[in-house]
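Participant: One file is attached below, run-v5.txt, containing compact mmCIF, C-alpha atoms and all ligand atoms.
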```txt
# COMPACT_ATOMS: atom_id res chain seq x y z
CA MET A 966 19.02 -58.98 -18.76
CA ARG A 967 20.14 -57.92 -22.21
CA PRO A 968 17.44 -56.02 -24.12
CA THR A 969 16.63 -56.97 -27.69
CA LEU A 970 16.57 -54.59 -30.62
CA PRO A 971 13.04 -53.15 -30.89
CA GLN A 972 11.04 -54.75 -33.68
CA THR A 973 10.39 -51.62 -35.63
CA ASP A 974 10.75 -50.37 -39.17
CA ILE A 975 13.04 -47.34 -39.23
CA TYR A 976 16.42 -47.32 -37.48
CA ALA A 977 17.49 -43.67 -37.50
CA VAL A 978 21.20 -42.87 -37.63
CA LEU A 979 21.93 -39.27 -36.71
CA SER A 980 24.30 -37.03 -38.65
CA ASP A 981 24.89 -33.42 -37.70
CA ALA A 982 26.26 -32.70 -41.19
CA CYS A 983 23.10 -34.01 -42.86
CA SER A 984 20.69 -32.40 -40.42
CA GLN A 985 19.90 -29.14 -42.25
CA GLY A 986 21.33 -27.15 -39.35
CA ARG A 987 18.93 -28.65 -36.80
CA GLY A 988 21.71 -30.50 -34.99
CA ASN A 989 21.52 -33.99 -33.58
CA VAL A 990 19.46 -33.37 -30.47
CA GLU A 991 16.67 -31.43 -32.19
CA THR A 992 16.68 -33.93 -35.06
CA ALA A 993 16.32 -36.77 -32.58
CA ARG A 994 13.50 -34.98 -30.79
CA GLN A 995 11.56 -34.68 -34.04
CA LEU A 996 12.29 -38.28 -34.98
CA LEU A 997 11.10 -39.52 -31.58
CA GLU A 998 8.01 -37.34 -31.76
CA ALA A 999 7.30 -38.98 -35.13
CA GLY A 1000 7.44 -42.41 -33.48
CA ILE A 1001 10.98 -43.60 -34.27
CA LYS A 1002 12.09 -46.25 -31.77
CA ILE A 1003 15.81 -46.66 -32.53
CA ILE A 1004 18.32 -43.80 -32.62
CA GLN A 1005 22.03 -44.28 -33.30
CA TYR A 1006 24.67 -41.67 -32.50
CA ARG A 1007 27.46 -41.67 -35.08
CA GLU A 1008 29.81 -38.68 -35.11
CA LYS A 1009 33.27 -39.89 -35.94
CA ASP A 1010 35.06 -36.54 -35.95
CA PHE A 1011 33.58 -34.61 -33.04
CA PRO A 1012 35.72 -33.99 -29.94
CA MET A 1013 34.94 -36.53 -27.24
CA ARG A 1014 33.51 -33.94 -24.86
CA ARG A 1015 30.98 -32.84 -27.48
CA LYS A 1016 30.07 -36.43 -28.24
CA TYR A 1017 29.57 -37.14 -24.57
CA GLN A 1018 27.37 -34.10 -24.04
CA GLU A 1019 25.20 -34.86 -27.07
CA CYS A 1020 24.91 -38.49 -26.03
CA LEU A 1021 23.76 -37.51 -22.54
CA ALA A 1022 21.01 -35.35 -24.03
CA LEU A 1023 20.01 -38.07 -26.49
CA ARG A 1024 20.04 -40.71 -23.76
CA GLN A 1025 17.60 -38.62 -21.78
CA LEU A 1026 15.32 -37.98 -24.77
CA CYS A 1027 15.27 -41.64 -25.76
CA ARG A 1028 14.26 -42.57 -22.20
CA GLU A 1029 11.39 -40.11 -22.33
CA TYR A 1030 10.11 -41.59 -25.59
CA ARG A 1031 10.95 -45.21 -24.63
CA ALA A 1032 13.26 -45.57 -27.58
CA CYS A 1033 16.47 -47.54 -27.91
CA PHE A 1034 19.68 -45.47 -27.91
CA ILE A 1035 22.71 -46.92 -29.65
CA VAL A 1036 26.23 -45.51 -29.82
CA ASN A 1037 28.45 -46.18 -32.80
CA ASP A 1038 32.03 -47.47 -32.45
CA ASP A 1039 32.99 -46.38 -28.97
CA ALA A 1040 32.42 -48.81 -26.10
CA GLY A 1041 33.65 -46.31 -23.50
CA LEU A 1042 31.24 -43.64 -24.70
CA ALA A 1043 28.39 -46.16 -24.76
CA VAL A 1044 29.08 -47.06 -21.12
CA ALA A 1045 29.64 -43.45 -20.04
CA CYS A 1046 26.24 -42.36 -21.31
CA ASP A 1047 24.45 -45.60 -20.34
CA ALA A 1048 23.38 -46.40 -23.89
CA ASP A 1049 21.14 -49.37 -24.69
CA GLY A 1050 23.48 -50.60 -27.38
CA LEU A 1051 26.80 -50.35 -29.17
CA HIS A 1052 27.20 -50.64 -32.93
CA LEU A 1053 30.54 -51.96 -34.16
CA GLY A 1054 32.23 -51.98 -37.55
CA GLN A 1055 34.63 -54.64 -38.75
CA ASP A 1056 37.60 -52.45 -37.74
CA ASP A 1057 36.35 -51.59 -34.26
CA LEU A 1058 36.88 -53.61 -31.08
CA PRO A 1059 35.86 -57.21 -31.77
CA PRO A 1060 32.43 -57.96 -30.26
CA GLU A 1061 33.86 -60.31 -27.61
CA ALA A 1062 36.28 -57.58 -26.41
CA ALA A 1063 33.56 -54.91 -26.53
CA ARG A 1064 31.33 -57.18 -24.44
CA ARG A 1065 33.97 -57.20 -21.72
CA VAL A 1066 33.86 -53.41 -21.64
CA ILE A 1067 30.10 -52.88 -21.83
CA GLY A 1068 28.90 -55.88 -19.82
CA GLN A 1069 26.01 -58.20 -20.55
CA ASP A 1070 23.13 -55.75 -20.56
CA MET A 1071 23.85 -53.81 -23.74
CA ILE A 1072 22.90 -54.77 -27.30
CA ILE A 1073 25.78 -55.24 -29.77
CA GLY A 1074 25.26 -54.67 -33.49
CA LEU A 1075 27.89 -55.54 -36.07
CA SER A 1076 28.29 -54.15 -39.60
CA VAL A 1077 28.74 -56.80 -42.27
CA THR A 1078 29.45 -56.08 -45.92
CA THR A 1079 29.86 -59.51 -47.54
CA PRO A 1080 28.33 -63.00 -47.29
CA GLN A 1081 31.55 -64.18 -45.62
CA GLU A 1082 31.24 -61.53 -42.91
CA ILE A 1083 27.59 -62.47 -42.43
CA ASP A 1084 28.51 -66.14 -41.92
CA LYS A 1085 31.24 -65.26 -39.44
CA ALA A 1086 29.02 -62.84 -37.49
CA LEU A 1087 26.27 -65.41 -37.08
CA ILE A 1088 28.47 -67.59 -34.90
CA ILE A 1089 29.67 -64.81 -32.59
CA PRO A 1090 27.48 -65.13 -29.49
CA GLU A 1091 28.02 -61.50 -28.44
CA VAL A 1092 26.38 -60.12 -31.60
CA ASP A 1093 22.67 -59.28 -31.26
CA TYR A 1094 21.90 -57.87 -34.72
CA LEU A 1095 23.56 -57.36 -38.08
CA GLY A 1096 23.88 -54.07 -39.96
CA VAL A 1097 23.94 -55.30 -43.54
CA GLY A 1098 25.29 -52.99 -46.22
CA PRO A 1099 25.91 -50.84 -47.96
CA VAL A 1100 22.95 -52.08 -49.92
CA PHE A 1101 22.97 -49.20 -52.42
CA PRO A 1102 25.62 -46.60 -53.26
CA THR A 1103 25.96 -44.02 -50.50
CA SER A 1104 27.96 -40.85 -50.20
CA THR A 1105 27.24 -40.50 -46.48
CA LYS A 1106 29.82 -43.03 -45.31
CA LEU A 1107 33.40 -42.31 -46.30
CA ASN A 1108 35.24 -45.38 -47.56
CA ALA A 1109 32.09 -47.46 -47.65
CA ALA A 1110 32.51 -50.95 -49.09
CA ASP A 1111 31.11 -51.70 -52.54
CA PRO A 1112 27.32 -51.92 -52.46
CA GLY A 1113 26.12 -55.49 -52.01
CA GLY A 1114 22.72 -54.83 -53.55
CA ILE A 1115 19.50 -56.32 -52.32
CA GLU A 1116 21.14 -59.74 -52.84
CA LEU A 1117 23.33 -59.11 -49.79
CA VAL A 1118 20.27 -58.46 -47.63
CA GLU A 1119 18.52 -61.47 -49.13
CA TYR A 1120 21.51 -63.62 -48.18
CA ALA A 1121 21.47 -62.35 -44.60
CA LEU A 1122 17.71 -62.90 -44.27
CA LYS A 1123 17.99 -66.46 -45.57
CA ARG A 1124 20.71 -67.37 -43.07
CA ILE A 1125 18.27 -66.60 -40.26
CA GLY A 1126 19.60 -66.33 -36.72
CA LEU A 1127 19.94 -62.60 -36.05
CA PRO A 1128 17.83 -59.52 -36.75
CA VAL A 1129 18.88 -57.85 -40.00
CA VAL A 1130 19.12 -54.08 -40.31
CA ALA A 1131 19.68 -53.01 -43.92
CA ILE A 1132 21.81 -49.88 -44.40
CA GLY A 1133 23.36 -47.77 -47.10
CA GLY A 1134 21.67 -45.60 -49.70
CA ILE A 1135 18.19 -46.52 -48.52
CA THR A 1136 15.53 -44.00 -49.52
CA ARG A 1137 11.77 -43.80 -49.76
CA GLU A 1138 12.18 -44.66 -53.45
CA ASN A 1139 14.08 -47.93 -53.03
CA ILE A 1140 13.00 -49.17 -49.61
CA GLY A 1141 10.12 -51.14 -51.15
CA SER A 1142 12.56 -53.48 -52.91
CA LEU A 1143 13.98 -54.45 -49.51
CA ALA A 1144 10.58 -54.75 -47.87
CA ASP A 1145 9.61 -57.09 -50.73
CA LEU A 1146 12.38 -59.45 -49.60
CA GLY A 1147 10.95 -59.57 -46.09
CA CYS A 1148 13.45 -57.15 -44.61
CA LYS A 1149 11.82 -55.45 -41.64
CA CYS A 1150 14.32 -52.92 -40.37
CA PHE A 1151 15.99 -50.14 -42.35
CA ALA A 1152 18.76 -47.81 -41.21
CA VAL A 1153 18.59 -44.46 -42.95
CA ILE A 1154 20.67 -41.31 -42.66
CA SER A 1155 20.48 -38.76 -45.48
CA ASP A 1156 16.98 -39.46 -46.75
CA LEU A 1157 15.68 -39.18 -43.20
CA VAL A 1158 17.66 -36.71 -41.12
CA GLY A 1159 18.32 -34.57 -44.20
CA ALA A 1160 14.63 -34.06 -44.88
CA PRO A 1161 13.23 -30.54 -44.64
CA ARG A 1162 10.37 -31.87 -42.51
CA ILE A 1163 11.18 -34.93 -40.46
CA ALA A 1164 7.66 -35.99 -39.51
CA GLN A 1165 6.51 -35.89 -43.11
CA ARG A 1166 9.55 -37.87 -44.27
CA VAL A 1167 8.99 -40.55 -41.62
CA LEU A 1168 5.46 -40.87 -42.96
CA GLU A 1169 6.69 -41.07 -46.56
CA ILE A 1170 9.29 -43.73 -45.76
CA ARG A 1171 6.77 -45.73 -43.77
CA THR A 1172 4.20 -45.45 -46.52
CA SER A 1173 6.74 -46.91 -48.96
CA CYS A 1174 6.95 -50.12 -46.94
CA HIS A 1175 3.63 -49.89 -45.17
CA LYS A 1176 2.00 -53.05 -46.39
CA TYR A 1177 4.85 -55.14 -45.03
CA ILE A 1178 5.67 -53.36 -41.81
CA PRO A 1179 3.26 -52.68 -38.98
CA SER A 1180 3.67 -48.96 -38.43
CA LYS A 1181 4.10 -48.25 -34.76
N1 LIG B 1201 27.08 -47.61 -42.67
P1 LIG B 1201 22.71 -43.09 -46.06
S1 LIG B 1201 26.41 -47.33 -45.09
C1 LIG B 1201 26.69 -45.42 -41.66
O1 LIG B 1201 27.32 -50.17 -45.06
C2 LIG B 1201 26.66 -46.32 -42.79
O2 LIG B 1201 27.81 -50.24 -42.96
C3 LIG B 1201 27.00 -48.26 -43.81
O3 LIG B 1201 23.83 -43.39 -44.98
C4 LIG B 1201 27.41 -49.66 -43.96
O4 LIG B 1201 21.43 -43.63 -45.52
C5 LIG B 1201 26.25 -46.01 -44.07
O5 LIG B 1201 22.70 -41.61 -46.18
C6 LIG B 1201 25.73 -44.69 -44.54
O6 LIG B 1201 23.17 -43.76 -47.32
C7 LIG B 1201 24.25 -44.68 -44.66
```
Can the structure in the file be given as structure tokens, please?
Facilitator:
Amino acid sequence: MRPTLPQTDIYAVLSDACSQGRGNVETARQLLEAGIKIIQYREKDFPMRRKYQECLALRQLCREYRACFIVNDDAGLAVACDADGLHLGQDDLPPEAARRVIGQDMIIGLSVTTPQEIDKALIIPEVDYLGVGPVFPTSTKLNAADPGGIELVEYALKRIGLPVVAIGGITRENIGSLADLGCKCFAVISDLVGAPRIAQRVLEIRTSCHKYIPSK
């Protein structure tokens, strides 16, 4: 049976370039040790063999910590490393095609950047959660769409139907404005994996939305 996205606060997206030299596997280990329950692998420019090897190590770590492991973009890589989920952008394989590759037992997430894309995504049965953003300006994603602001997240939350993961420029300073809307899951790269001390940053981010989110 297809798993569901864990109901948790922080959705960590790894980035070797942001990781202060720790690398993805050590960063993930520290995130998992700090209680993070969703880890996404997103390295667009690495050679496939490197991606595969890192994903195998991350897959193993996520199993040990009972966390959900999601691969960005690449359905073949997701299958090869037995990921729990695949995250797709609007220019990747369409969710129905990706489902044929990955089978029924993997979560599919879809990035949406506008209200129109949200409406369309909500009627695609293969999609299990929405990545909504960028909410705020971000320099981490090249060619990111214009920020939709917290209004974009508010729109997605009001439509109901699928879990909403807010993404893009989210930091411990602005996360409260999203939590105020009732948003429960936040994908963070630079403010999380770029922190000098991961465990402390997880605590800081969680504290910023603590009264809304059960911290697990
Ligand atoms: N996807 P940071 S924004 C990977 O809007 C990604 O779909 C986005 O990085 C989207 O937390 C983004 O450092 C980058 O801003 C998020």
Participant: List every protein, DNA or RNA residue that has an atom no more than 9 Å from (30.9, -59.8, -50.2) in the file's coordinate frame, counting only C-alpha atoms, and report them as number ranges by chain.
Facilitator: A: 1077-1083, 1111-1113, 1117
Participant: Using all atoms listed in the file, what are the residues with an atom within 6 Å of ligand LIG 1201 (chain B), set out as number ranges by chain?
Facilitator: A: 1076, 1098-1099, 1103, 1105-1106, 1132-1135, 1153-1155
Participant: Determine the nearest neighbour of Lys1016 (chain A) from the options A:Leu1087, A:Leu1143, A:Cys1046, A:Val1118, counting all atoms listed in the file.
Facilitator: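 Distance minimum relative to Lys1016 (chain A) lands on A:Cys1046.
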Participant: Between CA of Ile1163 (chain A) and CA of Leu996 (chain A), what is the spacing in Å?
Facilitator: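 Separation between CA of Leu996 (chain A) and CA of Ile1163 (chain A): 6.5 Å.
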Participant: Can you tell me, as a ChimeraX atom specification, what residues are no more than 7 Å from region 1003-1014 of chain A when counting all atoms listed in the file, ignoring any on the same chain fewer than 3 positions away?
Facilitator: /A:976-980,1017-1018,1032-1037
Participant: Quick one: residues within 8 Å of Glu998 (chain A), all atoms listed in the file counted, chain neighbours fewer than 3 positions away excluded, as a short mmCIF file (atom, residue, chain, number, x, y, z; two decimals) with C-alpha atoms, in the frame of the given file?
Facilitator:
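Dumped to selection-v2.cif:
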```
data_model
loop_
_atom_site.label_atom_id
_atom_site.label_comp_id
_atom_site.auth_asym_id
_atom_site.auth_seq_id
_atom_site.Cartn_x
_atom_site.Cartn_y
_atom_site.Cartn_z
CA ARG A 994 13.50 -34.98 -30.79
CA GLN A 995 11.56 -34.68 -34.04
CA ILE A 1001 10.98 -43.60 -34.27
CA TYR A 1030 10.11 -41.59 -25.59
CA ALA A 1164 7.66 -35.99 -39.51
#
```
Participant: My list of candidates is A:Arg1064, A:Arg1024, A:Ser1173, A:Arg1162. Which is closest to Ala999 (chain A) when distances are computed with all atoms listed in the file?
Facilitator: A:Arg1162
Participant: So how far away is CA of Ala993 (chain A) from CA of Leu1023 (chain A), in Å?
Facilitator: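 We find that CA of Leu1023 (chain A) and CA of Ala993 (chain A) lie 7.2 Å from each other.
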Participant: Which residue is closest to His1052 (chain A)? Choose from A:Ile1072, A:Ile1067, A:Ile1125, A:Lys1002 and count only C-alpha atoms.
Facilitator: A:Ile1072
Participant: Nearest to Asn989 (chain A): which of A:Ala1063, A:Met1071, A:Cys1174, A:Cys1020 is it, counting all atoms listed in the file?
Facilitator: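 Checking each candidate against Asn989 (chain A), we get A:Cys1020 as the closest.
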Participant: Between CA of Tyr1094 (chain A) and CA of Gly1074 (chain A), what is the distance, to one decimal in Å?
Facilitator: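 Spanning CA of Tyr1094 (chain A) to CA of Gly1074 (chain A) is a straight-line distance of 4.8 Å.
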Participant: For Leu1075 (chain A), which residue among A:Val990, A:Val1092, A:Leu1122, A:Val1167 is the nearest when counting all atoms listed in the file?
Facilitator: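 Using all atoms listed in the file, the shortest distance to Leu1075 (chain A) belongs to A:Val1092.
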Participant: Identify which of the residues A:Gly1141, A:Glu1116, A:Gly1000, A:Asp1093 lies closest to Gln1165 (chain A), counting all atoms listed in the file when measuring atom-to-atom distances.
Facilitator: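 Closest candidate: A:Gly1000.
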Participant: Would you list the contacts of Gly1147 (chain A) as a list of chain:residue names, taking every protein, DNA or RNA residue within 12 Å and counting all atoms listed in the file, but skipping same-chain residues closer than 4 positions in sequence?
Facilitator: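 Within the cut-off, the hits are A:Asp974, A:Ile1115, A:Val1118, A:Glu1119, A:Tyr1120, A:Ala1121, A:Leu1122, A:Lys1123, A:Ile1125, A:Pro1128, A:Val1129, A:Val1130, A:Ala1131, A:Ile1140, A:Gly1141, A:Ser1142, A:Leu1143, A:Phe1151, A:Cys1174, A:Lys1176, A:Tyr1177, A:Ile1178.
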Participant: Rebuild N, CA, C and O atoms on region 1061-1084 of chain A, as a PDB file, in the frame of the given file?
Facilitator:
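What ended up in rebuild-v3.pdb:
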```pdb
ATOM      1  N   GLU A1061      33.590 -59.661 -28.909  1.00  0.00           N
ATOM      2  CA  GLU A1061      33.860 -60.310 -27.610  1.00  0.00           C
ATOM      3  C   GLU A1061      34.626 -59.365 -26.689  1.00  0.00           C
ATOM      4  O   GLU A1061      34.391 -59.346 -25.476  1.00  0.00           O
ATOM      5  N   ALA A1062      35.529 -58.540 -27.241  1.00  0.00           N
ATOM      6  CA  ALA A1062      36.280 -57.580 -26.410  1.00  0.00           C
ATOM      7  C   ALA A1062      35.346 -56.449 -25.963  1.00  0.00           C
ATOM      8  O   ALA A1062      35.389 -56.015 -24.808  1.00  0.00           O
ATOM      9  N   ALA A1063      34.504 -55.984 -26.890  1.00  0.00           N
ATOM     10  CA  ALA A1063      33.560 -54.910 -26.530  1.00  0.00           C
ATOM     11  C   ALA A1063      32.631 -55.389 -25.418  1.00  0.00           C
ATOM     12  O   ALA A1063      32.313 -54.635 -24.493  1.00  0.00           O
ATOM     13  N   ARG A1064      32.230 -56.644 -25.477  1.00  0.00           N
ATOM     14  CA  ARG A1064      31.330 -57.180 -24.440  1.00  0.00           C
ATOM     15  C   ARG A1064      31.980 -57.092 -23.067  1.00  0.00           C
ATOM     16  O   ARG A1064      31.306 -56.828 -22.065  1.00  0.00           O
ATOM     17  N   ARG A1065      33.290 -57.299 -23.013  1.00  0.00           N
ATOM     18  CA  ARG A1065      33.970 -57.200 -21.720  1.00  0.00           C
ATOM     19  C   ARG A1065      33.922 -55.778 -21.190  1.00  0.00           C
ATOM     20  O   ARG A1065      33.903 -55.557 -19.981  1.00  0.00           O
ATOM     21  N   VAL A1066      33.911 -54.809 -22.084  1.00  0.00           N
ATOM     22  CA  VAL A1066      33.860 -53.410 -21.640  1.00  0.00           C
ATOM     23  C   VAL A1066      32.435 -53.016 -21.235  1.00  0.00           C
ATOM     24  O   VAL A1066      32.224 -52.399 -20.192  1.00  0.00           O
ATOM     25  N   ILE A1067      31.466 -53.412 -22.039  1.00  0.00           N
ATOM     26  CA  ILE A1067      30.100 -52.880 -21.830  1.00  0.00           C
ATOM     27  C   ILE A1067      29.245 -53.762 -20.928  1.00  0.00           C
ATOM     28  O   ILE A1067      28.180 -53.341 -20.487  1.00  0.00           O
ATOM     29  N   GLY A1068      29.695 -54.982 -20.661  1.00  0.00           N
ATOM     30  CA  GLY A1068      28.900 -55.880 -19.820  1.00  0.00           C
ATOM     31  C   GLY A1068      27.820 -56.590 -20.622  1.00  0.00           C
ATOM     32  O   GLY A1068      27.746 -56.475 -21.850  1.00  0.00           O
ATOM     33  N   GLN A1069      26.979 -57.314 -19.898  1.00  0.00           N
ATOM     34  CA  GLN A1069      26.010 -58.200 -20.550  1.00  0.00           C
ATOM     35  C   GLN A1069      24.708 -57.518 -20.958  1.00  0.00           C
ATOM     36  O   GLN A1069      23.928 -58.068 -21.726  1.00  0.00           O
ATOM     37  N   ASP A1070      24.476 -56.323 -20.419  1.00  0.00           N
ATOM     38  CA  ASP A1070      23.130 -55.750 -20.560  1.00  0.00           C
ATOM     39  C   ASP A1070      22.955 -54.793 -21.732  1.00  0.00           C
ATOM     40  O   ASP A1070      21.959 -54.091 -21.826  1.00  0.00           O
ATOM     41  N   MET A1071      23.949 -54.734 -22.604  1.00  0.00           N
ATOM     42  CA  MET A1071      23.850 -53.810 -23.740  1.00  0.00           C
ATOM     43  C   MET A1071      23.808 -54.615 -25.048  1.00  0.00           C
ATOM     44  O   MET A1071      24.498 -55.622 -25.191  1.00  0.00           O
ATOM     45  N   ILE A1072      22.998 -54.150 -25.981  1.00  0.00           N
ATOM     46  CA  ILE A1072      22.900 -54.770 -27.300  1.00  0.00           C
ATOM     47  C   ILE A1072      24.202 -54.498 -28.076  1.00  0.00           C
ATOM     48  O   ILE A1072      24.751 -53.402 -27.993  1.00  0.00           O
ATOM     49  N   ILE A1073      24.672 -55.490 -28.827  1.00  0.00           N
ATOM     50  CA  ILE A1073      25.780 -55.240 -29.770  1.00  0.00           C
ATOM     51  C   ILE A1073      25.287 -55.498 -31.192  1.00  0.00           C
ATOM     52  O   ILE A1073      24.734 -56.559 -31.497  1.00  0.00           O
ATOM     53  N   GLY A1074      25.505 -54.500 -32.061  1.00  0.00           N
ATOM     54  CA  GLY A1074      25.260 -54.670 -33.490  1.00  0.00           C
ATOM     55  C   GLY A1074      26.574 -54.694 -34.224  1.00  0.00           C
ATOM     56  O   GLY A1074      27.542 -54.053 -33.800  1.00  0.00           O
ATOM     57  N   LEU A1075      26.651 -55.444 -35.297  1.00  0.00           N
ATOM     58  CA  LEU A1075      27.890 -55.540 -36.070  1.00  0.00           C
ATOM     59  C   LEU A1075      27.610 -55.280 -37.543  1.00  0.00           C
ATOM     60  O   LEU A1075      26.681 -55.859 -38.122  1.00  0.00           O
ATOM     61  N   SER A1076      28.419 -54.404 -38.160  1.00  0.00           N
ATOM     62  CA  SER A1076      28.290 -54.150 -39.600  1.00  0.00           C
ATOM     63  C   SER A1076      28.917 -55.295 -40.385  1.00  0.00           C
ATOM     64  O   SER A1076      30.041 -55.718 -40.089  1.00  0.00           O
ATOM     65  N   VAL A1077      28.206 -55.748 -41.390  1.00  0.00           N
ATOM     66  CA  VAL A1077      28.740 -56.800 -42.270  1.00  0.00           C
ATOM     67  C   VAL A1077      28.515 -56.356 -43.716  1.00  0.00           C
ATOM     68  O   VAL A1077      27.469 -55.806 -44.056  1.00  0.00           O
ATOM     69  N   THR A1078      29.522 -56.601 -44.547  1.00  0.00           N
ATOM     70  CA  THR A1078      29.450 -56.080 -45.920  1.00  0.00           C
ATOM     71  C   THR A1078      29.486 -57.176 -46.976  1.00  0.00           C
ATOM     72  O   THR A1078      29.293 -56.875 -48.155  1.00  0.00           O
ATOM     73  N   THR A1079      29.766 -58.405 -46.565  1.00  0.00           N
ATOM     74  CA  THR A1079      29.860 -59.510 -47.540  1.00  0.00           C
ATOM     75  C   THR A1079      29.196 -60.758 -46.950  1.00  0.00           C
ATOM     76  O   THR A1079      29.036 -60.868 -45.723  1.00  0.00           O
ATOM     77  N   PRO A1080      28.865 -61.734 -47.808  1.00  0.00           N
ATOM     78  CA  PRO A1080      28.330 -63.000 -47.290  1.00  0.00           C
ATOM     79  C   PRO A1080      29.278 -63.663 -46.295  1.00  0.00           C
ATOM     80  O   PRO A1080      28.838 -64.231 -45.291  1.00  0.00           O
ATOM     81  N   GLN A1081      30.573 -63.553 -46.535  1.00  0.00           N
ATOM     82  CA  GLN A1081      31.550 -64.180 -45.620  1.00  0.00           C
ATOM     83  C   GLN A1081      31.454 -63.529 -44.238  1.00  0.00           C
ATOM     84  O   GLN A1081      31.478 -64.227 -43.210  1.00  0.00           O
ATOM     85  N   GLU A1082      31.348 -62.209 -44.212  1.00  0.00           N
ATOM     86  CA  GLU A1082      31.240 -61.530 -42.910  1.00  0.00           C
ATOM     87  C   GLU A1082      29.915 -61.876 -42.230  1.00  0.00           C
ATOM     88  O   GLU A1082      29.853 -61.976 -41.005  1.00  0.00           O
ATOM     89  N   ILE A1083      28.882 -62.069 -43.007  1.00  0.00           N
ATOM     90  CA  ILE A1083      27.590 -62.470 -42.430  1.00  0.00           C
ATOM     91  C   ILE A1083      27.752 -63.840 -41.763  1.00  0.00           C
ATOM     92  O   ILE A1083      27.365 -64.043 -40.601  1.00  0.00           O
ATOM     93  N   ASP A1084      28.348 -64.788 -42.476  1.00  0.00           N
ATOM     94  CA  ASP A1084      28.510 -66.140 -41.920  1.00  0.00           C
ATOM     95  C   ASP A1084      29.329 -66.113 -40.637  1.00  0.00           C
ATOM     96  O   ASP A1084      29.001 -66.788 -39.664  1.00  0.00           O
TER      97      ASP A1084
END
```
